[in-house]
Each structure stands twice: as structure tokens, then as C-alpha cells.
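Contents: one structure, followed by commentary.
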Amino acid sequence: MRKSIIALFLVILMVAVAVPTITSADSKGIVVCYGETTYNNQEYKNMVDNFFNSNSHVNLKDADVQIVYADDVNAISSGYSHETYGPNEVLSSALIDLNNNQNMEITVDTSKITLVTSDMYVTTLGSLGITEGYVYVTSPVEATGESALAGILKSYEEATNVQIPEDVKQAANQEIEVETQIVKDSDVSGDEVAKVVNDVKEEVKQDNITDKNTIVTIINNVAVNNNIELSDSDVNKLADTISQSQSVQGQVDDYKNKLDDALGNDTSDSILDKIFGVFN
């Protein structure tokens, strides 16, 4: 009897391990989202496809194809910066692969994306509750990389069939725009800014801090501890954007729960815990 139970347990364990990460029947977990300008220019599109083929090792024929238009970018960027893009200015493109990956790995084509780093994307996506997936970002010509965020978010929505709340998108876009602005106007690197933002957000979220003055103090402490020099203006901008992220945390948590369901994640008990529970 005991041997039979052990054998059955091993079979269940093998099946559990074999369960794919993506459970949505409407998605293969691979989405490529082209900037409007890139998609309409075959030469540009070929350049982007070459980067994806060389780095992602996925068959682009298996990908769901999406296009991020200027209106898509403007819808989430104009709220904070009031900057708008035209149909010929949306070049950055992104590919996401959600198959068999429980970590966040972002590959940025640094020969074309000049300002936004992989750490900046990771930090910003983490603000939305997105912590899984392989992401690849490139452009046919040099671009700063902010507009790629709209493509990444659209790709996640397409792959998981879960819509990201507009307020959450706005907060994430504000975060990456503020980080980019600081990199442009100072000697601080993108990765250093992302480090500060990530550490501060963890502390703010853990203690549910909403007071801006307290957030300013935390930012200064984190910056000093990491030997990162930020101006008072930069600290103030970061405090505003982190406060904004905190204000939509309830919507982020709700989206994160729906995303976990779409990805087949169970945050309460692991599959193995449940199996052991059954046999106990």
C-alpha cells in the first residue's frame, strides 16, 4: 500500500512539474508588439525581427502580432509629461515570452535604446505587479525607450487576457518618465535611479507610507546608503511618482491577483504543498 501511494505521488509530481506556465487557451504566451512607425517600414521591421530572432530564440511565426500606435503611447504618457508622439515617432518594439519562466528577465538592445535600461523596465513593471516573463526591447534606429513601455504593457494584456487599469498604467509611465528625465539631466545612471526607486518602493509598500515628506526622507537615506547623488529637485520628482504609485496600490493588487490566475500561479499554497496535504 505504501509503495502504491509513493508511486502515485511521483506520478502526480511529474504531472504537476509538467504543467505549463501559461494556462490561457487564447494565448501562446509569445507576443511581439511593433511601434507603429517600425511596422509600417519593412526595412525597420526586418531589423527589429533580426534582433528578436537572435536574442529570444523563439519562432516569431508563433507570436501574436500587435501594433502600438501613437495614440496608445499618448494615452498613457501625456497625463504626466504632456509630451505627445506622432505616427512617425513610435519606433521602439518589444517581444514578450511568458512560457516556462517564473522570473523577470529583460534584454535591451543597448545599441539602439539609449536611456531606459533593463533595470528601469524591471522596476517599472514591478510597480504594476508584473514580475514574470522574458522581455526583449529594441528599435530600428536610436530611441530613448520610454514608448516601448506601452508596447510591453499591450503585449502582457494580449498574452494574458487581463487588462491593466488605466490609473496603474499612468503611474507606471510617470515612473519611467521621471527616471528617464533624471538620467538625462544628471550624472546618475539609469540603473542607479532604478535601484533607488526599487528600494524605496519596497519600504513604502511594506509600511504603507503615503506621506510625501516621509517618502522624501526615505529616498535621501537610500541614496546616501548607495552613494548616489540626487538633487533636491530629483528627490522631489521621485517622491511624487512613488506617492502616485502608492495611491493606486489597491488596483495593482487586484490586477496582480488576476495576472497570477492567468499565469496559473497560486500565491496561497504551492502545488507541492497541496499534494503533501492530500497525502497527509
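If you're wondering about the labels, chains in the C-alpha cells are A, B, ... by order shown, residues count from 1 in each chain, ligands from 1 in order shown.
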Exercise: Thr84 (chain A) partners within 12 Å, only C-alpha atoms, chain neighbours under 5 positions left out, as a PyMOL selection string: chain A and resi 69-79+89-90+146-147
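The neighbours of Glu36 (chain A) here are the residues that come within 9 Å of it, using only C-alpha atoms and leaving out any residue fewer than 3 positions away in the same chain; they are Tyr39, Asn40, Asn41, Ile67, Val68, Tyr69, Ala70, Pro87, Asn88, Glu89, Val90, Leu91, Ser92 and Ser93 of chain A.
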Next, write the just-selected residues to a file, as a PDB file, in the first residue's frame, keeping N, CA, C and O atoms as the atom set.
ATOM      1  N   TYR A  39       6.458  49.127 -37.805  1.00  0.00           N
ATOM      2  CA  TYR A  39       5.606  48.148 -38.502  1.00  0.00           C
ATOM      3  C   TYR A  39       5.323  48.575 -39.933  1.00  0.00           C
ATOM      4  O   TYR A  39       5.224  47.726 -40.834  1.00  0.00           O
ATOM      5  N   ASN A  40       5.223  49.862 -40.168  1.00  0.00           N
ATOM      6  CA  ASN A  40       4.887  50.365 -41.499  1.00  0.00           C
ATOM      7  C   ASN A  40       6.101  50.529 -42.405  1.00  0.00           C
ATOM      8  O   ASN A  40       5.969  50.960 -43.563  1.00  0.00           O
ATOM      9  N   ASN A  41       7.285  50.204 -41.903  1.00  0.00           N
ATOM     10  CA  ASN A  41       8.520  50.310 -42.691  1.00  0.00           C
ATOM     11  C   ASN A  41       9.168  48.931 -42.721  1.00  0.00           C
ATOM     12  O   ASN A  41       9.689  48.467 -41.703  1.00  0.00           O
ATOM     13  N   ILE A  67       0.340  46.006 -32.648  1.00  0.00           N
ATOM     14  CA  ILE A  67       0.946  47.277 -33.038  1.00  0.00           C
ATOM     15  C   ILE A  67       0.605  48.303 -31.967  1.00  0.00           C
ATOM     16  O   ILE A  67      -0.546  48.415 -31.549  1.00  0.00           O
ATOM     17  N   VAL A  68       1.615  49.026 -31.506  1.00  0.00           N
ATOM     18  CA  VAL A  68       1.347  50.124 -30.581  1.00  0.00           C
ATOM     19  C   VAL A  68       1.383  51.416 -31.389  1.00  0.00           C
ATOM     20  O   VAL A  68       2.371  51.734 -32.049  1.00  0.00           O
ATOM     21  N   TYR A  69       0.264  52.111 -31.375  1.00  0.00           N
ATOM     22  CA  TYR A  69       0.117  53.336 -32.158  1.00  0.00           C
ATOM     23  C   TYR A  69       0.469  54.553 -31.312  1.00  0.00           C
ATOM     24  O   TYR A  69       0.551  54.480 -30.082  1.00  0.00           O
ATOM     25  N   ALA A  70       0.663  55.665 -32.009  1.00  0.00           N
ATOM     26  CA  ALA A  70       0.968  56.912 -31.305  1.00  0.00           C
ATOM     27  C   ALA A  70      -0.112  57.225 -30.280  1.00  0.00           C
ATOM     28  O   ALA A  70       0.184  57.672 -29.166  1.00  0.00           O
ATOM     29  N   PRO A  87       2.628  59.681 -35.550  1.00  0.00           N
ATOM     30  CA  PRO A  87       2.664  58.347 -36.164  1.00  0.00           C
ATOM     31  C   PRO A  87       4.042  57.934 -36.660  1.00  0.00           C
ATOM     32  O   PRO A  87       4.313  56.748 -36.808  1.00  0.00           O
ATOM     33  N   ASN A  88       4.923  58.901 -36.919  1.00  0.00           N
ATOM     34  CA  ASN A  88       6.259  58.584 -37.409  1.00  0.00           C
ATOM     35  C   ASN A  88       7.312  58.592 -36.309  1.00  0.00           C
ATOM     36  O   ASN A  88       8.513  58.562 -36.589  1.00  0.00           O
ATOM     37  N   GLU A  89       6.871  58.604 -35.043  1.00  0.00           N
ATOM     38  CA  GLU A  89       7.808  58.703 -33.929  1.00  0.00           C
ATOM     39  C   GLU A  89       7.744  57.517 -32.970  1.00  0.00           C
ATOM     40  O   GLU A  89       8.424  57.523 -31.948  1.00  0.00           O
ATOM     41  N   VAL A  90       6.956  56.516 -33.290  1.00  0.00           N
ATOM     42  CA  VAL A  90       6.826  55.360 -32.398  1.00  0.00           C
ATOM     43  C   VAL A  90       7.627  54.205 -33.005  1.00  0.00           C
ATOM     44  O   VAL A  90       7.130  53.451 -33.845  1.00  0.00           O
ATOM     45  N   LEU A  91       8.868  54.074 -32.564  1.00  0.00           N
ATOM     46  CA  LEU A  91       9.812  53.137 -33.166  1.00  0.00           C
ATOM     47  C   LEU A  91      10.111  51.926 -32.281  1.00  0.00           C
ATOM     48  O   LEU A  91      10.302  50.816 -32.777  1.00  0.00           O
ATOM     49  N   SER A  92      10.169  52.144 -30.974  1.00  0.00           N
ATOM     50  CA  SER A  92      10.540  51.062 -30.064  1.00  0.00           C
ATOM     51  C   SER A  92       9.561  49.901 -30.166  1.00  0.00           C
ATOM     52  O   SER A  92       8.355  50.101 -30.272  1.00  0.00           O
ATOM     53  N   SER A  93      10.098  48.689 -30.135  1.00  0.00           N
ATOM     54  CA  SER A  93       9.284  47.480 -30.256  1.00  0.00           C
ATOM     55  C   SER A  93       9.697  46.494 -29.173  1.00  0.00           C
ATOM     56  O   SER A  93      10.835  46.517 -28.694  1.00  0.00           O
TER      57      SER A  93
END
Pick out the closest residue to Gly145 (chain A) from this set: A:Glu166, A:Glu177, A:Glu157, A:Asp64. Count only C-alpha atoms. A:Glu177
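Interatomic distance, CA of Thr138 (chain A) to CA of Asp109 (chain A): 5.0 Å.
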For the atom pair CA of Asn103 (chain A) and CA of Ser155 (chain A), what is the interatomic distance in Å to one decimal place? 16.9 Å
Could you pull out the strand (DSSP E or B) residues of region 81-212 of chain A, going by DSSP on the backbone, and write them as a VMD selection string? chain A and resid 93 to 97 104 to 108 113 133 to 138 143
Just the selected residues (N, CA and C atoms), exported as a PDB file, in the first residue's frame, please.
ATOM      1  N   SER A  93      10.098  48.689 -30.135  1.00  0.00           N
ATOM      2  CA  SER A  93       9.284  47.480 -30.256  1.00  0.00           C
ATOM      3  C   SER A  93       9.697  46.494 -29.173  1.00  0.00           C
ATOM      4  N   ALA A  94       8.757  45.636 -28.798  1.00  0.00           N
ATOM      5  CA  ALA A  94       9.015  44.700 -27.700  1.00  0.00           C
ATOM      6  C   ALA A  94       8.469  43.325 -28.018  1.00  0.00           C
ATOM      7  N   LEU A  95       9.144  42.311 -27.512  1.00  0.00           N
ATOM      8  CA  LEU A  95       8.675  40.931 -27.590  1.00  0.00           C
ATOM      9  C   LEU A  95       8.640  40.379 -26.179  1.00  0.00           C
ATOM     10  N   ILE A  96       7.545  39.703 -25.831  1.00  0.00           N
ATOM     11  CA  ILE A  96       7.495  39.032 -24.530  1.00  0.00           C
ATOM     12  C   ILE A  96       7.239  37.542 -24.745  1.00  0.00           C
ATOM     13  N   ASP A  97       7.838  36.750 -23.880  1.00  0.00           N
ATOM     14  CA  ASP A  97       7.672  35.306 -23.901  1.00  0.00           C
ATOM     15  C   ASP A  97       7.382  34.867 -22.466  1.00  0.00           C
ATOM     16  N   MET A 104      11.683  37.565 -13.959  1.00  0.00           N
ATOM     17  CA  MET A 104      11.638  38.643 -14.910  1.00  0.00           C
ATOM     18  C   MET A 104      13.037  38.833 -15.500  1.00  0.00           C
ATOM     19  N   GLU A 105      13.156  38.635 -16.797  1.00  0.00           N
ATOM     20  CA  GLU A 105      14.431  38.837 -17.479  1.00  0.00           C
ATOM     21  C   GLU A 105      14.183  39.749 -18.676  1.00  0.00           C
ATOM     22  N   ILE A 106      14.869  40.877 -18.707  1.00  0.00           N
ATOM     23  CA  ILE A 106      14.660  41.857 -19.770  1.00  0.00           C
ATOM     24  C   ILE A 106      15.973  42.100 -20.507  1.00  0.00           C
ATOM     25  N   THR A 107      15.938  41.924 -21.816  1.00  0.00           N
ATOM     26  CA  THR A 107      17.091  42.168 -22.674  1.00  0.00           C
ATOM     27  C   THR A 107      16.828  43.422 -23.499  1.00  0.00           C
ATOM     28  N   VAL A 108      17.682  44.416 -23.317  1.00  0.00           N
ATOM     29  CA  VAL A 108      17.526  45.685 -24.027  1.00  0.00           C
ATOM     30  C   VAL A 108      18.642  45.825 -25.051  1.00  0.00           C
ATOM     31  N   ILE A 113      18.561  51.459 -27.882  1.00  0.00           N
ATOM     32  CA  ILE A 113      17.817  52.077 -26.780  1.00  0.00           C
ATOM     33  C   ILE A 113      18.822  52.832 -25.917  1.00  0.00           C
ATOM     34  N   GLY A 133       8.414  36.817 -16.880  1.00  0.00           N
ATOM     35  CA  GLY A 133       8.447  36.901 -18.332  1.00  0.00           C
ATOM     36  C   GLY A 133       9.817  37.247 -18.873  1.00  0.00           C
ATOM     37  N   TYR A 134      10.064  36.785 -20.093  1.00  0.00           N
ATOM     38  CA  TYR A 134      11.226  37.222 -20.851  1.00  0.00           C
ATOM     39  C   TYR A 134      10.761  38.387 -21.715  1.00  0.00           C
ATOM     40  N   VAL A 135      11.475  39.507 -21.649  1.00  0.00           N
ATOM     41  CA  VAL A 135      11.107  40.691 -22.424  1.00  0.00           C
ATOM     42  C   VAL A 135      12.321  41.148 -23.219  1.00  0.00           C
ATOM     43  N   TYR A 136      12.090  41.478 -24.482  1.00  0.00           N
ATOM     44  CA  TYR A 136      13.152  41.949 -25.366  1.00  0.00           C
ATOM     45  C   TYR A 136      12.711  43.279 -25.966  1.00  0.00           C
ATOM     46  N   VAL A 137      13.587  44.289 -25.892  1.00  0.00           N
ATOM     47  CA  VAL A 137      13.239  45.628 -26.358  1.00  0.00           C
ATOM     48  C   VAL A 137      14.299  46.118 -27.335  1.00  0.00           C
ATOM     49  N   THR A 138      13.846  46.635 -28.476  1.00  0.00           N
ATOM     50  CA  THR A 138      14.780  47.170 -29.458  1.00  0.00           C
ATOM     51  C   THR A 138      14.096  48.255 -30.281  1.00  0.00           C
ATOM     52  N   ALA A 143      16.570  55.309 -30.040  1.00  0.00           N
ATOM     53  CA  ALA A 143      15.379  55.810 -29.369  1.00  0.00           C
ATOM     54  C   ALA A 143      15.644  55.764 -27.871  1.00  0.00           C
TER      55      ALA A 143
END
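Those residues in region 37-79 of chain A carrying a DSSP assignment of helix (DSSP H, G or I), computed from the backbone, are Thr37, Thr38, Tyr39, Gln42, Glu43, Tyr44, Lys45, Asn46, Met47, Val48, Asp49, Asn50, Phe51, Phe52, Asn53, Ser54, Asn55, Ser56, Leu60, Lys61, Asp62, Ala70, Asp71, Asp72, Val73, Asn74, Ala75, Ile76 and Ser77 of chain A.
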Contacts of region 221-232 of chain A at 12 Å or less, counting only C-alpha atoms, minus same-chain residues fewer than 5 places along, as a list of chain:residue names? A:Glu179, A:Ile182, A:Val183, A:Asp185, A:Ser186, A:Asp187, A:Val188, A:Ser189, A:Gly190, A:Asp191, A:Glu192, A:Val193, A:Ala194, A:Lys195, A:Val196, A:Val197, A:Asn198, A:Asp199, A:Val200, A:Lys201, A:Glu202, A:Glu203, A:Val204, A:Thr214, A:Ile215, A:Val216, A:Lys237, A:Leu238, A:Ala239
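Pairwise distance (CA of Leu128 (chain A), CA of Ala172 (chain A)) equals 6.9 Å.
Of the residues listed (A:Leu125, A:Val32, A:Ala159, A:Val48), A:Ala159 shows the shortest atom-to-atom separation from Ala262 (chain A); distances use only C-alpha atoms.
Among A:Val178, A:Ile209, A:Glu43, A:Phe51, the residue with the shortest atom-to-atom distance to Asn236 (chain A), counting only C-alpha atoms, is A:Val178.
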Among the residues A:Ser139, A:Gly86, A:Gln66, A:Ile30, the one that comes closest to Tyr44 (chain A) [using only C-alpha atoms]: A:Ser139
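When only C-alpha atoms are used to compute distances to Ile130 (chain A), the closest of the residues A:Ile152, A:Val248, A:Val235, A:Leu115 turns out to be A:Ile152.
Nearest residue to Lys169 (chain A) among A:Tyr255, A:Tyr121, A:Leu153, A:Asn213 is A:Leu153, counting only C-alpha atoms.
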Residue contacts of Gln102 (chain A) (9 Å, only C-alpha atoms) excluding same-chain residues fewer than 2 positions away, as a CSV table (one decimal) with N, CA, C and O atoms, in the first residue's frame:
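This went into result_2.csv:
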chain,number,residue,atom,x,y,z
A,21,THR,N,3.4,27.2,-17.8
A,21,THR,CA,3.1,28.4,-17.0
A,21,THR,C,1.8,29.1,-17.5
A,21,THR,O,1.0,29.5,-16.7
A,98,LEU,N,6.2,34.4,-22.2
A,98,LEU,CA,5.7,34.0,-20.9
A,98,LEU,C,5.8,32.5,-20.7
A,98,LEU,O,5.2,32.0,-19.7
A,99,ASN,N,6.4,31.8,-21.6
A,99,ASN,CA,6.4,30.3,-21.4
A,99,ASN,C,7.5,29.9,-20.5
A,99,ASN,O,8.7,30.2,-20.7
A,100,ASN,N,7.1,29.1,-19.5
A,100,ASN,CA,8.1,28.4,-18.6
A,100,ASN,C,9.1,29.3,-18.0
A,100,ASN,O,10.3,29.1,-17.9
A,104,MET,N,11.7,37.6,-14.0
A,104,MET,CA,11.6,38.6,-14.9
A,104,MET,C,13.0,38.8,-15.5
A,104,MET,O,14.0,39.1,-14.8
A,131,THR,N,6.0,40.5,-12.6
A,131,THR,CA,7.4,40.0,-12.2
A,131,THR,C,7.8,38.7,-12.9
A,131,THR,O,8.7,38.1,-12.5
A,132,GLU,N,7.1,38.4,-14.0
A,132,GLU,CA,7.4,37.2,-14.7
A,132,GLU,C,7.5,37.5,-16.2
A,132,GLU,O,6.7,38.3,-16.7
A,133,GLY,N,8.4,36.8,-16.9
A,133,GLY,CA,8.4,36.9,-18.3
A,133,GLY,C,9.8,37.2,-18.9
A,133,GLY,O,10.6,37.9,-18.2
